[in-house]
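Listing of final_34.cif, mmCIF, C-alpha atoms
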data_work
loop_
_atom_site.label_atom_id
_atom_site.label_comp_id
_atom_site.auth_asym_id
_atom_site.auth_seq_id
_atom_site.Cartn_x
_atom_site.Cartn_y
_atom_site.Cartn_z
CA MET A 1 137.92 75.37 109.61
CA LEU A 2 136.03 74.88 106.36
CA GLY A 3 137.27 78.25 105.08
CA ALA A 4 140.86 77.37 105.91
CA ALA A 5 140.53 74.00 104.21
CA LEU A 6 139.07 75.59 101.10
CA LEU A 7 141.85 78.15 100.99
CA LEU A 8 144.49 75.44 101.35
CA GLU A 9 142.83 73.38 98.63
CA LEU A 10 143.05 76.37 96.34
CA VAL A 11 146.63 77.19 97.22
CA GLN A 12 147.87 73.62 96.80
CA LEU A 13 146.49 73.59 93.27
CA TRP A 14 148.99 76.31 92.39
CA VAL A 15 151.99 75.20 94.37
CA LEU A 16 151.86 71.42 94.57
CA PRO A 17 152.11 68.84 91.81
CA ASN A 18 149.03 66.76 91.11
CA PHE A 19 150.02 63.68 93.04
CA LEU A 20 150.77 65.66 96.20
CA GLN A 21 147.49 67.53 96.28
CA LEU A 22 145.59 66.45 99.37
CA GLN A 23 141.84 66.14 99.73
CA LEU A 24 141.50 68.43 102.72
CA ILE A 25 137.78 68.97 102.36
CA LEU A 26 137.32 65.22 102.31
CA ILE A 27 139.28 64.88 105.52
CA ILE A 28 137.14 67.50 107.26
CA THR A 29 133.93 65.97 105.90
CA LEU A 30 134.95 62.55 107.17
CA TYR A 31 135.90 63.99 110.52
CA VAL A 32 132.59 65.81 110.91
CA GLY A 33 130.77 62.70 109.76
CA TRP A 34 132.67 60.57 112.24
CA TYR A 35 131.26 62.47 115.20
CA SER A 36 127.88 63.55 113.79
CA PRO A 37 124.54 61.94 113.02
CA PRO A 38 124.11 60.80 109.39
CA GLY A 39 121.82 63.63 108.36
CA LYS A 40 124.14 66.33 109.60
CA ALA A 41 127.14 64.55 108.07
CA ALA A 42 125.45 64.40 104.69
CA ALA A 43 124.44 68.06 104.89
CA TRP A 44 128.01 69.03 105.81
CA GLY A 45 129.29 67.00 102.89
CA THR A 46 126.90 68.79 100.53
CA VAL A 47 127.84 72.27 101.76
CA SER A 48 131.59 71.67 101.77
CA GLY A 49 131.50 69.86 98.42
CA LEU A 50 129.47 72.60 96.76
CA ALA A 51 131.81 75.23 98.21
CA LEU A 52 134.77 73.35 96.78
CA ASP A 53 133.10 73.06 93.39
CA TYR A 54 132.34 76.75 93.38
CA LEU A 55 135.85 77.70 94.40
CA LEU A 56 137.57 75.44 91.89
CA GLY A 57 135.16 76.35 89.08
CA LEU A 58 133.91 72.79 88.69
CA PHE A 59 130.35 71.69 87.99
CA LEU A 60 128.32 72.48 91.07
CA GLY A 61 127.38 69.15 92.57
CA LEU A 62 130.41 67.19 91.40
CA ASN A 63 132.20 67.24 94.75
CA GLY A 64 128.88 68.00 96.40
CA LEU A 65 127.53 64.59 95.49
CA SER A 66 130.65 62.64 96.38
CA LYS A 67 131.20 64.40 99.70
CA THR A 68 127.52 63.99 100.60
CA LEU A 69 127.70 60.24 100.16
CA LEU A 70 131.06 59.90 101.90
CA GLY A 71 130.01 62.11 104.80
CA PHE A 72 126.90 60.01 105.25
CA ALA A 73 128.92 56.78 105.12
CA SER A 74 131.46 58.21 107.53
CA SER A 75 128.77 58.83 110.10
CA TYR A 76 127.69 55.19 110.08
CA LEU A 77 131.27 53.94 110.17
CA GLY A 78 132.02 56.25 113.11
CA ARG A 79 129.23 54.61 115.10
CA TRP A 80 130.59 51.13 114.67
CA MET A 81 134.27 51.84 115.19
CA PRO A 82 135.90 52.75 118.46
CA ASP A 83 137.77 56.04 118.54
CA GLU A 84 140.94 54.23 119.52
CA ALA A 85 141.11 52.27 116.25
CA ARG A 86 143.41 54.80 114.65
CA ALA A 87 144.94 52.44 112.11
CA MET A 88 141.47 51.63 110.93
CA ARG A 89 140.79 55.36 110.53
CA THR A 90 143.84 55.70 108.31
CA ILE A 91 142.71 52.82 106.16
CA LEU A 92 139.24 54.30 105.91
CA LEU A 93 140.64 57.69 104.94
CA PHE A 94 142.75 56.00 102.30
CA ILE A 95 139.78 54.07 100.91
CA ALA A 96 137.49 57.13 101.08
CA SER A 97 140.03 59.16 99.12
CA ILE A 98 140.15 56.57 96.35
CA VAL A 99 136.37 56.27 96.32
CA ASP A 100 136.03 60.06 96.20
CA GLN A 101 138.36 60.42 93.22
CA LEU A 102 136.81 57.52 91.34
CA MET A 103 133.33 58.82 92.05
CA ILE A 104 134.17 62.18 90.53
CA PHE A 105 135.59 60.50 87.43
CA ALA A 106 132.52 58.29 87.22
CA ILE A 107 130.15 61.24 87.47
CA LEU A 108 132.02 63.08 84.73
CA LEU A 109 132.00 59.93 82.63
CA LEU A 110 128.24 59.47 83.10
CA LEU A 111 127.60 63.08 82.23
CA GLY A 112 129.64 62.69 79.07
CA GLU A 113 132.00 65.43 80.08
CA PRO A 114 135.69 65.38 79.20
CA PHE A 115 138.07 64.69 82.07
CA PRO A 116 141.79 64.02 82.43
CA GLN A 117 142.72 60.37 82.12
CA PRO A 118 142.90 59.09 85.70
CA SER A 119 146.29 57.72 86.66
CA LEU A 120 146.16 54.93 89.19
CA LEU A 121 149.51 56.00 90.60
CA ILE A 122 148.35 59.57 91.21
CA ILE A 123 145.11 58.33 92.73
CA LEU A 124 147.04 56.05 95.08
CA LEU A 125 149.60 58.70 96.00
CA ARG A 126 146.87 61.22 96.76
CA ALA A 127 145.02 58.59 98.78
CA ILE A 128 148.13 57.75 100.77
CA GLY A 129 148.84 61.44 101.45
CA THR A 130 145.22 62.08 102.39
CA GLY A 131 145.23 59.01 104.66
CA ILE A 132 148.34 60.09 106.51
CA VAL A 133 147.47 63.77 106.81
CA GLY A 134 143.90 62.88 107.72
CA THR A 135 145.06 60.58 110.51
CA VAL A 136 147.28 63.32 111.92
CA PHE A 137 144.47 65.82 111.61
CA PHE A 138 142.01 63.49 113.32
CA ARG A 139 144.44 62.94 116.19
CA LEU A 140 145.33 66.60 116.68
CA TYR A 141 141.78 67.79 116.44
CA ASP A 142 140.64 65.06 118.83
CA LYS A 143 143.18 66.34 121.30
CA ILE A 144 141.92 69.89 120.94
CA ARG A 145 138.28 68.89 121.22
CA PHE A 146 138.75 66.23 123.82
CA PRO A 147 141.75 67.19 126.01
CA PRO A 148 143.17 64.34 128.12
CA THR A 149 141.65 64.16 131.57
CA ASP A 150 143.56 63.02 134.65
CA PHE A 151 140.92 60.96 136.39
CA ARG A 152 143.23 60.40 139.38
CA ARG A 153 143.33 64.14 140.08
CA LEU A 154 139.61 64.36 139.57
CA GLN A 155 139.14 61.67 142.19
CA GLU A 156 141.50 63.45 144.61
CA GLY A 157 139.70 66.72 144.02
CA SER A 158 136.42 65.11 144.82
CA ARG A 159 137.81 63.83 148.16
CA LEU A 160 138.97 67.27 149.12
CA MET B 1 114.83 70.01 105.98
CA ILE B 2 116.86 69.89 109.20
CA ASN B 3 114.13 67.86 110.83
CA VAL B 4 114.11 65.45 107.91
CA LEU B 5 117.89 65.11 108.13
CA GLN B 6 117.69 64.36 111.81
CA ARG B 7 114.70 62.08 111.91
CA ARG B 8 114.97 60.35 108.56
CA PRO B 9 118.60 60.48 107.48
CA LEU B 10 118.08 58.25 104.45
CA VAL B 11 115.34 60.53 103.13
CA GLY B 12 117.59 63.50 103.85
CA LEU B 13 120.44 61.83 102.00
CA LEU B 14 118.17 61.16 99.06
CA LEU B 15 117.08 64.79 98.95
CA LEU B 16 120.67 66.01 99.07
CA VAL B 17 121.69 63.60 96.31
CA ILE B 18 118.78 64.82 94.20
CA LEU B 19 119.84 68.42 94.89
CA ASN B 20 123.36 67.72 93.67
CA LEU B 21 122.14 65.82 90.63
CA PHE B 22 119.77 68.66 89.82
CA LEU B 23 122.60 71.17 90.06
CA LEU B 24 124.73 69.02 87.79
CA SER B 25 122.00 68.53 85.23
CA VAL B 26 121.28 72.25 85.12
CA GLN B 27 124.86 72.97 84.08
CA VAL B 28 125.79 70.03 81.92
CA ARG B 29 124.80 69.95 78.26
CA THR B 30 124.35 66.93 76.06
CA GLN B 31 126.41 66.35 72.93
CA ASP B 32 123.86 68.13 70.75
CA GLY B 33 123.90 71.18 72.99
CA GLN B 34 120.73 70.57 74.97
CA LEU B 35 120.69 71.01 78.69
CA LEU B 36 120.97 67.63 80.33
CA LEU B 37 118.14 68.58 82.67
CA ARG B 38 115.76 69.20 79.79
CA ALA B 39 116.91 66.17 77.83
CA THR B 40 116.62 63.80 80.77
CA GLY B 41 113.47 65.51 81.98
CA LEU B 42 111.85 65.00 78.61
CA LEU B 43 113.03 61.43 78.53
CA ALA B 44 111.67 60.81 82.00
CA ILE B 45 108.35 62.51 81.39
CA THR B 46 107.70 61.01 77.95
CA PRO B 47 106.38 57.63 79.13
CA VAL B 48 104.10 59.37 81.62
CA VAL B 49 102.83 61.77 78.97
CA ALA B 50 102.45 58.90 76.51
CA ILE B 51 100.39 56.92 78.99
CA ILE B 52 98.23 59.95 79.83
CA HIS B 53 97.78 60.67 76.14
CA ALA B 54 96.91 57.04 75.39
CA VAL B 55 94.42 56.89 78.24
CA SER B 56 92.85 60.27 77.47
CA SER B 57 92.67 59.62 73.74
CA GLY B 58 91.26 56.17 74.43
CA VAL B 59 88.56 57.59 76.69
CA SER B 60 87.75 60.49 74.38
CA GLY B 61 87.81 58.13 71.39
CA THR B 62 85.34 55.80 73.10
CA VAL B 63 83.07 58.72 74.00
CA ARG B 64 83.34 60.02 70.45
CA ASN B 65 82.58 56.58 69.04
CA ILE B 66 79.48 56.35 71.19
CA ALA B 67 78.45 59.80 70.07
CA ASP B 68 79.17 58.94 66.45
CA PHE B 69 77.27 55.70 66.61
CA ARG B 70 74.05 57.45 65.74
CA THR B 71 75.50 58.88 62.57
CA ILE B 72 77.17 55.68 61.44
CA ARG B 73 74.03 54.32 59.79
CA GLU B 74 73.46 57.55 57.94
CA SER B 75 77.10 57.70 56.95
CA HIS B 76 77.01 54.12 55.75
CA ARG B 77 73.94 54.86 53.70
CA THR B 78 75.57 57.89 52.13
CA LEU B 79 78.73 55.99 51.34
CA THR B 80 76.82 53.09 49.86
CA THR B 81 74.92 55.45 47.61
CA GLU B 82 78.13 57.17 46.63
CA ASN B 83 79.73 53.83 45.92
CA ARG B 84 76.88 52.82 43.69
CA ARG B 85 77.04 56.11 41.86
CA LEU B 86 80.75 55.72 41.30
CA LYS B 87 80.37 52.17 40.11
CA LEU B 88 77.79 53.37 37.67
CA GLU B 89 80.09 56.12 36.56
CA ILE B 90 82.84 53.59 35.97
CA ALA B 91 80.51 51.40 33.93
CA ARG B 92 79.42 54.39 31.90
CA LEU B 93 82.97 55.50 31.27
CA ARG B 94 84.03 52.00 30.36
CA ALA B 95 81.27 51.82 27.81
CA LEU B 96 82.22 55.24 26.53
CA GLU B 97 85.84 54.17 26.26
CA LEU B 98 84.86 51.17 24.18
CA ALA B 99 82.60 53.25 22.02
CA VAL B 100 85.25 55.87 21.43
CA GLY B 101 87.47 53.14 20.13
CA ARG B 102 84.80 52.09 17.68
CA GLU B 103 83.13 55.34 16.73
CA LYS B 104 85.67 58.08 16.91
CA ARG B 105 83.95 60.18 14.30
CA ASN B 106 80.54 60.22 15.89
CA SER B 107 80.09 63.78 17.12
CA ARG B 108 76.91 63.00 19.08
CA LEU B 109 78.53 60.13 20.85
CA LEU B 110 78.76 61.82 24.21
CA GLU B 111 75.04 62.37 24.30
CA TYR B 112 74.50 58.65 24.37
CA TYR B 113 76.64 58.17 27.41
CA SER B 114 76.01 61.32 29.36
CA PHE B 115 73.23 60.93 31.84
CA GLU B 116 72.41 61.84 35.39
CA THR B 117 71.02 59.40 37.88
CA LEU B 118 69.03 59.60 41.04
CA PRO B 119 69.48 56.98 43.75
CA ALA B 120 66.31 55.38 45.00
CA ALA B 121 65.54 52.73 47.56
CA ILE B 122 63.22 49.85 46.87
CA LEU B 123 60.08 50.07 48.94
CA MET B 124 58.43 46.91 47.66
CA ARG B 125 60.09 44.05 45.87
CA ARG B 126 57.10 42.34 44.44
CA ILE B 127 53.75 43.78 43.77
CA PRO B 128 50.91 41.31 44.28
CA SER B 129 49.84 39.92 40.93
CA LEU B 130 52.75 41.66 39.29
CA ALA B 131 55.76 39.57 40.15
CA ASP B 132 58.23 41.43 37.95
CA HIS B 133 57.42 44.88 39.19
CA LEU B 134 58.78 46.81 42.15
CA VAL B 135 58.22 50.13 43.83
CA ILE B 136 60.90 52.72 44.54
CA ASN B 137 60.84 55.74 46.85
CA ALA B 138 61.34 58.42 44.20
CA GLY B 139 58.73 60.05 42.00
CA THR B 140 57.95 62.95 39.76
CA ARG B 141 58.86 65.38 42.55
CA ASP B 142 62.42 64.08 42.22
CA GLY B 143 62.48 64.51 38.47
CA ILE B 144 61.35 61.03 37.48
CA ASP B 145 59.16 60.60 34.41
CA LEU B 146 57.44 57.67 32.77
CA ASP B 147 59.86 55.41 30.92
CA SER B 148 62.79 56.63 32.94
CA ALA B 149 65.44 53.92 32.87
CA VAL B 150 66.21 52.16 36.13
CA ILE B 151 69.67 50.75 36.35
CA THR B 152 72.37 49.57 38.73
CA PRO B 153 76.12 49.39 38.30
CA GLU B 154 75.61 45.75 37.34
CA GLY B 155 73.27 46.56 34.50
CA ILE B 156 69.75 47.44 33.41
CA VAL B 157 66.89 46.84 35.86
CA GLY B 158 63.87 48.13 34.00
CA ARG B 159 61.84 51.26 33.35
CA VAL B 160 59.40 53.42 35.25
CA LEU B 161 55.90 52.33 34.35
CA VAL B 162 53.92 54.43 36.78
CA ALA B 163 55.16 57.51 38.59
CA SER B 164 53.59 59.29 41.52
CA ALA B 165 54.95 62.35 43.24
CA ILE B 166 56.92 60.39 45.80
CA SER B 167 57.18 56.88 44.43
CA SER B 168 57.31 54.97 41.18
CA GLU B 169 56.48 51.54 39.90
CA VAL B 170 59.23 49.90 37.94
CA GLU B 171 58.72 47.24 35.33
CA LEU B 172 61.65 44.85 35.40
CA LEU B 173 63.28 43.91 32.15
CA VAL B 174 62.48 40.26 32.82
CA ASP B 175 58.76 41.01 32.67
CA VAL B 176 57.08 39.45 29.65
CA ASN B 177 55.90 42.88 28.51
CA ALA B 178 59.30 44.54 28.81
CA ALA B 179 61.82 44.94 26.03
CA ALA B 180 64.99 46.83 25.28
CA GLY B 181 67.26 47.45 22.34
CA ALA B 182 70.36 45.27 22.71
CA VAL B 183 73.60 44.51 20.99
CA LEU B 184 76.04 41.67 21.32
CA ASP B 185 79.09 43.31 22.77
CA GLY B 186 81.60 41.32 20.80
CA SER B 187 80.05 41.04 17.35
CA ARG B 188 77.95 44.25 17.53
CA ILE B 189 74.94 42.42 16.18
CA MET B 190 71.82 44.24 17.19
CA GLY B 191 68.57 42.77 18.47
CA VAL B 192 65.88 43.22 21.06
CA VAL B 193 65.80 41.60 24.47
CA GLN B 194 62.49 40.68 26.00
CA GLY B 195 61.47 39.10 29.27
CA ASP B 196 60.19 35.55 29.04
CA GLY B 197 58.58 35.35 32.47
CA THR B 198 61.02 32.77 33.79
CA GLY B 199 63.64 35.19 35.07
CA LEU B 200 65.62 35.00 31.85
CA LEU B 201 65.61 37.20 28.76
CA ARG B 202 65.28 36.34 25.11
CA LEU B 203 67.40 38.07 22.54
CA ASN B 204 65.26 38.33 19.42
CA PHE B 205 65.91 39.12 15.79
CA ILE B 206 69.38 37.67 15.59
CA SER B 207 69.80 35.95 12.29
CA SER B 208 70.62 32.25 12.26
CA THR B 209 73.55 33.03 10.04
CA GLU B 210 75.28 34.87 12.85
CA ASN B 211 77.59 33.06 15.21
CA VAL B 212 76.57 33.63 18.83
CA GLU B 213 78.47 31.94 21.62
CA PRO B 214 77.24 31.32 25.16
CA GLY B 215 78.88 33.68 27.63
CA GLU B 216 78.87 36.58 25.25
CA LEU B 217 77.87 39.86 26.82
CA VAL B 218 74.73 41.65 25.72
CA VAL B 219 74.60 45.39 26.29
CA SER B 220 72.02 48.06 25.66
CA SER B 221 72.07 49.54 22.18
CA GLY B 222 70.29 52.79 23.04
CA THR B 223 67.94 52.42 20.09
CA ASP B 224 64.86 52.27 22.33
CA ARG B 225 65.51 55.81 23.57
CA ILE B 226 64.89 54.60 27.12
CA TYR B 227 68.08 52.91 28.29
CA PRO B 228 71.48 54.51 27.98
CA LYS B 229 73.79 52.90 25.47
CA GLY B 230 76.42 50.41 26.51
CA LEU B 231 75.01 49.25 29.84
CA PRO B 232 75.19 45.51 30.54
CA ILE B 233 71.98 43.53 30.14
CA GLY B 234 73.09 39.96 30.51
CA THR B 235 75.17 37.10 29.14
CA VAL B 236 74.14 34.58 26.55
CA VAL B 237 73.19 31.30 28.13
CA SER B 238 72.23 29.42 25.01
CA ALA B 239 71.84 30.11 21.30
CA ILE B 240 69.78 27.72 19.16
CA ARG B 241 69.43 28.08 15.41
CA ASP B 242 65.74 27.61 14.67
CA GLY B 243 64.41 29.05 11.45
CA VAL B 244 65.32 32.54 10.30
CA TYR B 245 66.18 33.80 13.75
CA GLN B 246 68.06 32.17 16.56
CA GLU B 247 66.48 31.38 19.91
CA ILE B 248 68.89 33.03 22.30
CA HIS B 249 68.47 33.00 26.07
CA VAL B 250 70.20 35.62 28.12
CA LYS B 251 70.81 35.61 31.86
CA PRO B 252 70.48 39.12 33.32
CA THR B 253 73.59 40.56 34.92
CA VAL B 254 71.42 42.09 37.64
CA ASP B 255 70.32 39.82 40.45
CA TYR B 256 66.78 41.08 40.89
CA SER B 257 66.24 39.16 44.09
CA ARG B 258 68.97 41.09 45.84
CA LEU B 259 68.20 44.59 44.81
CA ASP B 260 68.22 47.15 47.61
CA GLU B 261 68.82 50.37 45.78
CA VAL B 262 68.67 51.41 42.15
CA GLU B 263 69.58 54.43 40.09
CA VAL B 264 66.97 56.16 38.02
CA VAL B 265 68.25 57.83 34.88
CA LEU B 266 66.90 61.36 34.74
CA LYS B 267 65.68 62.40 31.35
CA LYS B 268 67.39 65.29 29.67
CA PRO B 269 65.41 68.49 29.50
#
Here is the file; what I need is its structure written in the form of structure tokens.
Amino acid sequence: MLGAALLLELVQLWVLPNFLQLQLILIITLYVGWYSPPGKAAAWGTVSGLALDYLLGLFLGLNGLSKTLLGFASSYLGRWMPDEARAMRTILLFIASIVDQLMIFAILLLLGEPFPQPSLLIILLRAIGTGIVGTVFFRLYDKIRFPPTDFRRLQEGSRL
Amino acid sequence: MINVLQRRPLVGLLLLVILNLFLLSVQVRTQDGQLLLRATGLLAITPVVAIIHAVSSGVSGTVRNIADFRTIRESHRTLTTENRRLKLEIARLRALELAVGREKRNSRLLEYYSFETLPAAILMRRIPSLADHLVINAGTRDGIDLDSAVITPEGIVGRVLVASAISSEVELLVDVNAAAGAVLDGSRIMGVVQGDGTGLLRLNFISSTENVEPGELVVSSGTDRIYPKGLPIGTVVSAIRDGVYQEIHVKPTVDYSRLDEVEVVLKKP
């Protein structure tokens, strides 16, 4: 899944305009964090972020740091929120996307490295796209991992 | 690492953040081309190193001071002697400078002002029954002869009256039996100073026709062949016209009661 996400991230850089580029690695990191303990979520964030940095030719640790922190945060948020609160997930994905982009800009700013002037519109559009796609991904992957169970049939089966 | 992540997630998070920051700092360079890691590392380590350096240098300095304490007295003694010698040298050169201004054509001038001295400590300030005598810790073994001049940077002290191998008796200029060739520094009138037994000196053989003012400096004339020329003797306290010669009292420039060390002028071979 991580490999596929990385490949898609790379491909979308070539084929999609800036504002339509989704943060697929972020979505996966948040998803893993949602269902994992904080330590594992942070470690996943580090690995996926570093892989993304390496693939995109960025400073190693740029996405690594942001994804580590967001993965860790996602784990705690996943504990407190019920799985059925899907609207809340979308909002969180949206907020996490904005935080992720701003964090990367902030790190570059602190390091004194040049970076493209962040456009609020592009940040918002990317966050909206990431929120929507992330929600769909969360729902589909939930269905794959946790297929619906017919408890009535289970009860009947137990009687037989 | 996995255990840390599982059991202490906050510690694990901190370690991962540090890992990412380390990776970033390894790659990023500062504006002047230094690696950020080295620049920030140096910045971070400097206060620690400064504290260690301050503590270590403070400790070693204290130990060194304790060790040096023994040599401080000796060092102080050496410096004091050196200081006296230099003061004397200054006085000699000042006198020479004045003389050069007056006697440019005198080819033997330098001989008057060129002398070597030997520092000596005072062993005894007052000899019983001889109030104006003292004993110094240098003698013939050190190159001292009879009639060697004893001086300080402030002026003339006296002459060696008795010399043993390791010590000498000095007759102070204020002794009633002591005398020295003198000259009034301003008017260049020559006379002879002599102790009067009261701690003051008398300047004899100054004609009553001469004008002598209190406060005028009296220096050695060198005519006695004992004291180097141009060294201070004292200042005129009073000058009374009485007969052919004036009765002039001179206060010595040297405070005999506070003498600790003196310089003995070594005679030329």
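For chain B, the residues no farther than 6 Å from chain A when using only C-alpha atoms are Leu5, Gln6, Pro9, Val17, Asn20, Leu23 and Leu24 of chain B.
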message: Quick check on the file I pasted: which residues fall under the PyMOL selection byres ((chain A and resi 126) around 7)? Write them as an MDAnalysis selection string.
response: chainID A and resid 19:22 122:125 127:130
Point (141.1, 74.6, 102.4) neighbourhood (10 Å, all atoms listed in the file) written as JSON, numbers by chain: {"A": [1, 2, 3, 4, 5, 6, 7, 8, 9, 10, 11, 12, 22, 23, 24, 25, 28, 48, 52]}
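Applied to the shown file, the PyMOL selection byres ((chain B and resi 264) around 6) selects the residues Thr117, Leu118, Ala149, Val150, Glu263 and Val265 of chain B.
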- request: Determine the residue membership of the PyMOL selection byres ((chain B and resi 232) around 12) for the file above and supply it as JSON, numbers by chain.
  value: {"B": [88, 91, 92, 94, 95, 151, 152, 153, 154, 155, 156, 157, 180, 181, 182, 183, 184, 185, 193, 216, 217, 218, 219, 220, 221, 222, 227, 228, 229, 230, 231, 233, 234, 235, 236, 250, 251, 252, 253, 254]}
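The space separating atom CA of Leu98 of chain B from atom CA of Tyr245 of chain B comes to 27.6 Å.
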query: Excluding same-chain residues fewer than 5 positions from Ile166 of chain B, what lies within 9 Å of it counting all atoms listed in the file, as an NGL selection string?
result: :B and (136-142)
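Taking atom CA of Leu16 of chain B and atom CA of Gln117 of chain A as endpoints, the distance between them is 28.4 Å.
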message: To one decimal place in Å, what is the distance between atom CA of Asp68 of chain B and atom CA of Leu86 of chain B?
response: 25.4 Å
